[in-house]
Amino acid sequence: MLGGDFQIKAELLLRADTGNSPLDRINEGDALLDTGRSAIHAAIASAIDVKKIKKAWVPFYSCQTMIQPFYDHGLEVNFYGVGKDLASPIGLPDRLDDCLFLFVHYFGRFNEAISSYLLIARTQNTVVIEDVVQSCMNSAHGRIGNYVVHSLRKFLPVPDGAILAGPKAISINPLPANETFISLSLLSKISRAVSDVKDTRHIALKNMAEDILDDCQAIREMSSFTRRMLPKFDLSEIQSRRRQNWQQLSDAFATGTLKNCAFRPLYEYLPEADVPLLFPVVAEADKRDAILEKLRQEAIFCPVHWKLGSPAKPWLRCDFDLSRSLFSIPIDQRVTSPALDQAIDILWRVDS
Ligand SMILES: Cc1ncc(COP(=O)(O)O)c(C=O)c1O
């Protein structure tokens, strides 16, 4: 089995503190929140409280939950494209005046193109929100934004968890964690740990939990469950396992079993400082969903980031086309090297 939601196993509950946890990377003044969208919400609220901003630039290649907070704050939302490699921005102004600017390090890969763009276009009146949700708390990322949004729940077996870092203590008053969401999310992760791989009941619980988040958006605190669990994780170990898995898979595509595979890596090189969330690949758009289904039958659960709506502007077409052909192979810390080798054989069979 590869991928799917994280399980919460009994072994984890009893594990001793590691002394190298994500909590050790948090600075005084950072806000501990429940979700990435809460953190984006809080960043916007804090920014528009200080500056009179009415406009935002956001990537079209995003999920709705990331963008909704900008609408909720009544901002004029402008989309820019990121291109067929997620690294070729298009549709951006030469100068960013009086606006919020959101960008993402997709799949944990440093966004070099936007970083270079900001060196030229950023002004004193630009408030940059750097989304490092997919960077697995990699300390080399998060140095560009006025506000930096981290996630824990995307790469650890916890029900919630996000961090908002800012230039100074961020004055927000989050509500308590949503008890119904936390309970459902916990139930789903515990159920997955104790059930057979073919048992899909945990998925309904997870969907119910996520629907609650989608339905009642608010800035909320990180749950006390997650706070208590965080010291049990060894962040460096997790990051290095992910990098090793990424490299093993990349080698299989470059020179190994997957050399002639029809779906190809979105990028072939992982800079030294990056920690990958997943291993994104590109298939032919009309074959992608069939490949995903075949992999699901083999218990390889590949997520799709994201299903984008049809764009209103022609220069956003590349992003839309990419969203129809992209999917990701899990390379998270649960995946051992022999398990990845087995998965590579399955990937090869699925393609042939
Ligand atoms: C890059 C990115 N930013 C923000 C979010 C929102 O995070 P959350 O689902 O924790 O609200 C997501 C969710 O998938 C994401 O992928």
# chains A, B, ... in the order shown; residues from 1 in each chain; ligands from 1

$ closest_atom_pairs --of "chain A" --to "ligand 1" --cutoff "6 Å" --atoms "only C-alpha atoms and all ligand atoms" --output "CSV"
residue,atom,partner,partner_atom_place_in_ligand_line,distance
A:Thr35,CA,ligand 1,10 (O),3.6
A:Gly36,CA,ligand 1,7 (O),3.5
A:Arg37,CA,ligand 1,11 (O),3.7
A:Thr65,CA,ligand 1,6 (C),5.8
A:Met66,CA,ligand 1,4 (C),5.1
A:Val104,CA,ligand 1,1 (C),5.8
A:Asp131,CA,ligand 1,3 (N),5.8
A:Val133,CA,ligand 1,1 (C),5.1
A:Gln134,CA,ligand 1,1 (C),5.7

$ residues_around --residues "stretch 293-295 of chain A" --least-positions-apart "5" --cutoff "8 Å" --atoms "only C-alpha atoms" --output "PDB file with N, CA and C atoms, in the first residue's frame"
ATOM      1  N   ILE A 300      -2.340   1.675  -4.479  1.00  0.00           N
ATOM      2  CA  ILE A 300      -1.457   2.856  -4.585  1.00  0.00           C
ATOM      3  C   ILE A 300      -2.383   4.055  -4.795  1.00  0.00           C
ATOM      4  N   PHE A 301      -2.449   4.904  -3.785  1.00  0.00           N
ATOM      5  CA  PHE A 301      -3.441   5.988  -3.780  1.00  0.00           C
ATOM      6  C   PHE A 301      -2.750   7.303  -4.143  1.00  0.00           C
ATOM      7  N   CYS A 302      -2.961   7.727  -5.372  1.00  0.00           N
ATOM      8  CA  CYS A 302      -2.264   8.912  -5.884  1.00  0.00           C
ATOM      9  C   CYS A 302      -3.194  10.122  -5.882  1.00  0.00           C
ATOM     10  N   ILE A 346       4.810  -2.056  -9.946  1.00  0.00           N
ATOM     11  CA  ILE A 346       3.374  -1.907 -10.255  1.00  0.00           C
ATOM     12  C   ILE A 346       3.168  -0.749 -11.231  1.00  0.00           C
ATOM     13  N   LEU A 347       3.868   0.355 -11.014  1.00  0.00           N
ATOM     14  CA  LEU A 347       3.732   1.512 -11.919  1.00  0.00           C
ATOM     15  C   LEU A 347       4.101   1.108 -13.339  1.00  0.00           C
ATOM     16  N   VAL A 350       1.292  -1.112 -14.771  1.00  0.00           N
ATOM     17  CA  VAL A 350       0.080  -0.335 -15.048  1.00  0.00           C
ATOM     18  C   VAL A 350       0.210   0.399 -16.383  1.00  0.00           C
TER      19      VAL A 350
END

$ residues_around --residues "A:Arg109" --least-positions-apart "6" --cutoff "8 Å" --atoms "only C-alpha atoms" --output "PyMOL selection string"
chain A and resi 135+270-271+274-276

$ residues_around --residues "A:Glu272" --least-positions-apart "3" --cutoff "10 Å" --atoms "only C-alpha atoms" --output "PyMOL selection string"
chain A and resi 140+243+269+275

$ residues_around --residues "stretch 38-48 of chain A" --least-positions-apart "6" --cutoff "8 Å" --atoms "only C-alpha atoms" --output "PyMOL selection string"
chain A and resi 66+69-70+73+100+127+129+147+149+162-164+170-172+217-220

$ residues_around --residues "stretch 329-342 of chain A" --least-positions-apart "4" --cutoff "8 Å" --atoms "only C-alpha atoms" --output "ChimeraX atom specification"
/A:2-3,155,238-239,241-242,245-246,248-249,277-281,301-303,346

$ select_by_dssp --residues "stretch 63-140 of chain A" --states "strand (DSSP E)" --output "PDB file with C-alpha atoms, in the first residue's frame"
ATOM      1  CA  GLU A  76     -10.571  42.015  -5.877  1.00  0.00           C
ATOM      2  CA  VAL A  77      -8.974  38.696  -6.880  1.00  0.00           C
ATOM      3  CA  ASN A  78      -6.651  38.608  -9.916  1.00  0.00           C
ATOM      4  CA  PHE A  79      -5.251  35.322 -11.173  1.00  0.00           C
ATOM      5  CA  TYR A  80      -1.822  34.717 -12.659  1.00  0.00           C
ATOM      6  CA  CYS A  99      -1.819  44.493  -3.056  1.00  0.00           C
ATOM      7  CA  LEU A 100      -1.597  41.101  -1.453  1.00  0.00           C
ATOM      8  CA  PHE A 101       0.419  38.561  -3.399  1.00  0.00           C
ATOM      9  CA  LEU A 102       0.093  34.805  -2.793  1.00  0.00           C
ATOM     10  CA  PHE A 103       2.529  32.239  -4.103  1.00  0.00           C
ATOM     11  CA  VAL A 104       3.155  28.539  -3.484  1.00  0.00           C
ATOM     12  CA  THR A 126       3.211  44.647  -1.538  1.00  0.00           C
ATOM     13  CA  VAL A 127       2.235  42.183   1.155  1.00  0.00           C
ATOM     14  CA  VAL A 128       3.492  38.736   0.193  1.00  0.00           C
ATOM     15  CA  ILE A 129       1.913  35.561   1.579  1.00  0.00           C
ATOM     16  CA  GLU A 130       4.339  32.688   1.022  1.00  0.00           C
ATOM     17  CA  ASP A 131       2.536  29.359   1.078  1.00  0.00           C
TER      18      ASP A 131
END

$ closest_residue --among "A:Leu235, A:Ile8, A:Ala56, A:Ala121" --to "A:Cys136" --atoms "only C-alpha atoms"
A:Leu235

$ select_by_dssp --residues "stretch 166-276 of chain A" --states "alpha helix (DSSP H)" --output "MDAnalysis selection string"
chainID A and resid 179:194 201:215 224:229 235:254

$ residues_around --residues "A:Leu13" --least-positions-apart "6" --cutoff "12 Å" --atoms "only C-alpha atoms" --output "PyMOL selection string"
chain A and resi 7+157-158+190+225-226+228-233

$ write_last_selection --atoms "N, CA and C atoms" --output "mmCIF file, in the first residue's frame"
data_model
loop_
_atom_site.group_PDB
_atom_site.id
_atom_site.type_symbol
_atom_site.label_atom_id
_atom_site.label_comp_id
_atom_site.auth_asym_id
_atom_site.auth_seq_id
_atom_site.Cartn_x
_atom_site.Cartn_y
_atom_site.Cartn_z
ATOM 1 N N GLN A 7 -2.589 7.254 8.940
ATOM 2 C CA GLN A 7 -3.209 6.472 10.011
ATOM 3 C C GLN A 7 -2.662 6.960 11.350
ATOM 4 N N PRO A 157 0.612 12.470 10.723
ATOM 5 C CA PRO A 157 -0.652 11.866 11.146
ATOM 6 C C PRO A 157 -1.276 12.623 12.323
ATOM 7 N N VAL A 158 -1.778 13.794 12.046
ATOM 8 C CA VAL A 158 -2.480 14.623 13.043
ATOM 9 C C VAL A 158 -3.766 15.122 12.393
ATOM 10 N N ILE A 190 -7.832 6.878 12.914
ATOM 11 C CA ILE A 190 -7.698 5.687 13.779
ATOM 12 C C ILE A 190 -8.342 4.485 13.073
ATOM 13 N N PHE A 225 -4.987 18.092 20.949
ATOM 14 C CA PHE A 225 -4.505 16.758 20.562
ATOM 15 C C PHE A 225 -3.230 16.898 19.718
ATOM 16 N N THR A 226 -3.316 17.725 18.670
ATOM 17 C CA THR A 226 -2.156 17.883 17.776
ATOM 18 C C THR A 226 -0.969 18.473 18.540
ATOM 19 N N ARG A 228 -0.168 18.095 21.548
ATOM 20 C CA ARG A 228 0.439 17.050 22.390
ATOM 21 C C ARG A 228 1.195 16.019 21.548
ATOM 22 N N MET A 229 0.752 15.828 20.310
ATOM 23 C CA MET A 229 1.386 14.809 19.458
ATOM 24 C C MET A 229 2.690 15.306 18.822
ATOM 25 N N LEU A 230 2.771 16.594 18.541
ATOM 26 C CA LEU A 230 3.900 17.097 17.746
ATOM 27 C C LEU A 230 5.285 16.714 18.288
ATOM 28 N N PRO A 231 5.508 16.754 19.619
ATOM 29 C CA PRO A 231 6.857 16.402 20.108
ATOM 30 C C PRO A 231 7.264 14.954 19.793
ATOM 31 N N LYS A 232 6.323 14.123 19.388
ATOM 32 C CA LYS A 232 6.627 12.704 19.135
ATOM 33 C C LYS A 232 7.238 12.483 17.737
ATOM 34 N N PHE A 233 7.218 13.525 16.906
ATOM 35 C CA PHE A 233 7.726 13.345 15.542
ATOM 36 C C PHE A 233 9.164 13.839 15.431
#

$ closest_residue --among "A:Asp199, A:Val82, A:Asp234, A:Asp160" --to "A:Leu12" --atoms "only C-alpha atoms"
A:Asp234

$ atom_distance --atom1 "atom CA of A:Lys84" --atom2 "atom CA of A:Cys318"
5.2 Å

$ atom_distance --atom1 "atom CA of A:Val304" --atom2 "atom CA of A:Ser328"
6.4 Å

$ closest_residue --among "A:Asp72, A:Asp34, A:Glu112, A:Glu11" --to "A:Pro174" --atoms "only C-alpha atoms"
A:Asp34

$ closest_residue --among "A:Asp5, A:Asp49, A:Asp85, A:Asp30" --to "A:Leu326" --atoms "only C-alpha atoms"
A:Asp85

$ atom_distance --atom1 "atom CA of A:Lys9" --atom2 "atom CA of A:Ala299"
19.0 Å

$ closest_residue --among "A:Phe320, A:Trp348, A:Phe253, A:Trp315" --to "A:Ile291" --atoms "only C-alpha atoms"
A:Trp348
